[in-house]
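> Sharing a structure, written as structure tokens. Questions coming.
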Amino acid sequence: MAAELSFAPLLSTCTQHRRLLQSRRSTLFHCPTLPLPLSPSLSTSSSSSSSTPTTRGKVLCQTAGTHLFDAKCAAEAGQNRLLKVPISHIRNFCIIAHIDHGKSTLADKLLQMTGTVQTREMKDQFLDNMDLERERGITIKLQAARMRYMYKNEAYCLNLIDTPGHVDFSYEVSRSLAACEGALLVVDASQGVEAQTLANVYLALENNLEIIPVLNKIDLPGADPLRVTQEIEEIVGLDCSNAIQCSAKEGIGITEILNAIVERVPSPRNTADRPLRALIFDSYYDSYRGVIVYFRVVDGRIKKGDRVYFMASGKDYFADEVGVLSPNQLEVEELYAGEVGYLSASIRSVADARVGDTITHFSRKAEDSLPGYEEVTPMVFCGLFPVDADQFPELRDALEKLQLNDAALKFEPETSSAMGFGFRCGFLGLLHMEIVQERLEREYNLSLITTAPSVVYRVNCVNGETVECSNPSLLPEPGKRRSIEEPFVKIEMLTPKEYIGPLMELAQERRGEFQEMKFITEIRASITYALPLAEMVGDFFDQLKSRSKGYASMEYSFTGYRESELIKLDIQINGDRVEPLATIVHNNKAYSVGRALTQKLKELIPRQMFKVPIQACIGSKVIASETISAIRKDVLAKCYGGDITRKKKLLRKQAEGKKRMKAIGRVDVPQEAFMAVLKLEKEVL
């Protein structure tokens, strides 16, 4: 009884505190003086540079209140996202932006606001399901998600595709755009228009998409939405009178974005009665279920159990499982025109279902296949070799499966006298190369050696033939070639005006040709150069960020081939050419590269019983040389006196022995030396 009496005051106190908290919450979130949800005009005035801290506090307070109100409805709608809606109520859209402008954060908030992902399951970068993406904070793979949204008491199906922002993954962006009717163009309200913003807008315009401008991060102290709006109108040419201002992190303006998607993005065409045509825009390999394809139904319907036919490969399978991505795979009975989903049909061969292929019914084939995608052209090449030669079959299988998930990857077998069997791989850029190597090592447990990145050269031979060469060892002999052409790119750098000088100096050092400079605003300039691609595959991007303190951005596009003064630089060790160490360099850089390579090899190759010369050669001309001195035995140690002729005889006998050893001796370059020289080549080139 005493215990009960002692706890009674405590229980009553807890009850009073709980009631007090509830009353405070209701006062905070249901304050009658707070305005209704922000209209675009109100958000513009409240987020401009003249906004006061009090106004911003009201905006955040009001947003929290609407969140509580919307969360309940959104959660109920999100649970019913598998329910069918009319084709006129389907909206397919993607999010495009420059890297680090808040695409993934906005996608997270859209999933949360529509109830697609519950709050307890939510985490940052929800759609980025690779550890590599989370560690680097970038999006590498496009991801699809189906959402259900209630607008004016009517249900709408929103199919979202989140895309990467880096220029090396632009092929992912182009594939996702082909599966959509609209795009959210996200621009950071503090940084403004960047290089990749322009590139993505042009891709969207080529696909005739409805573009909705969104100014993100308006809650930052340095945000200037008015300036950024003017930038978009002047540089991009989009009408920003109805641009949406939002903060994905704080949840401001998310409802306006969802409403704009419903109102402004057109619905797909109603072609459900036509023969089935579905476009594969992505795929991956599952160890248990085989190849899983992601597709957009353009015409017709597809049901579970249907016999489907892949028009490019000519293979047919039974659809074991058909479903939607929301964002996890959820099985459904049927998908019709306009919807986005996945298909599992126990496809074991990775070549049977390629990205860009058209799926149709086996019994009722479509007359024409869909246009698919433009074949991507690799820009950067390097050799991939397994450290353990026994892992070569595993490397081939891993590359085939990875190519299914990354359609921009190209590879072909290659043999090296130093590193054995491997593959010559083509990539869209240096970051793409780095990501592929890391994915092979992580996902497939391989240990790899990567050669220095190179580009494809065109060799015009004396007999009139043109040979494409990505490996220096395949270059024709000097007497057989007339000229060598190298690829050039048009590079556009957007930078604050303070860093124009350092960036122009960087481009001039890399053999760049100045083309144009214009001020897009009072404080930002655009500099355009024509640059050899070989000069850009090194540390150009790192130097650009370093010299501009991280403020500059760049975007490049391939323009064509030009004739240049290029030569093949060979490395000779003890008179024998070592083909894996050969490089193609510009004539002006040949001496510095040759000197650096010979000096590094002198440090790495162990001393022999004879003198070993290391030479960098252009044809038969030696331009740099180092010598590794021989290990000598002191043959005069036993001569404690006597005539000098005795000593000369012993030295002459030793020299003759060294000469015979050099004639028949062979220098083995250790694997560590190759690795170090390859690393040095990456730095020097």
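Order determines the names: the first chain of the structure tokens is A, the second B, and so forth; residues in each chain are numbered 1 upward, and ligands are numbered 1 upward as they are shown.
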Give me the residues within 10 Å of Ser363 (chain A) as a VMD selection string, counting only C-alpha atoms and dropping any in the same chain fewer than 3 places off.
chain A and resid 275 306 to 309 360 366
> Which polymer residues have any atom within 10 Å of an atom of Thr521 (chain A), counting only C-alpha atoms, with same-chain residues fewer than 5 positions away left out, as a list in words?
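Once the nearby chain positions are removed, what remains is Arg227, Val228, Gln230, Glu231, Glu234, Ile235, Pro496, Lys497 and Ser526 of chain A.
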> What does the distance between CA of Arg595 (chain A) and CA of Ala582 (chain A) come to in Å, to one decimal place?
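Value for the CA of Arg595 (chain A)-CA of Ala582 (chain A) distance: 13.5 Å.
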> As a ChimeraX atom specification, please: the residues near Ser283 (chain A) (cut-off 12 Å, only C-alpha atoms, same-chain neighbours under 2 positions excluded).
/A:141-144,172,175,279-281,285-286,290-295,341-344,347,350-357,401-407
> Using only C-alpha atoms, pick whichever of A:Thr495, A:Glu154, A:Glu468, A:Gly657 has the shortest atom-to-atom distance to Ile520 (chain A).
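Ranking A:Thr495, A:Glu154, A:Glu468, A:Gly657 by distance to Ile520 (chain A), first place goes to A:Thr495.
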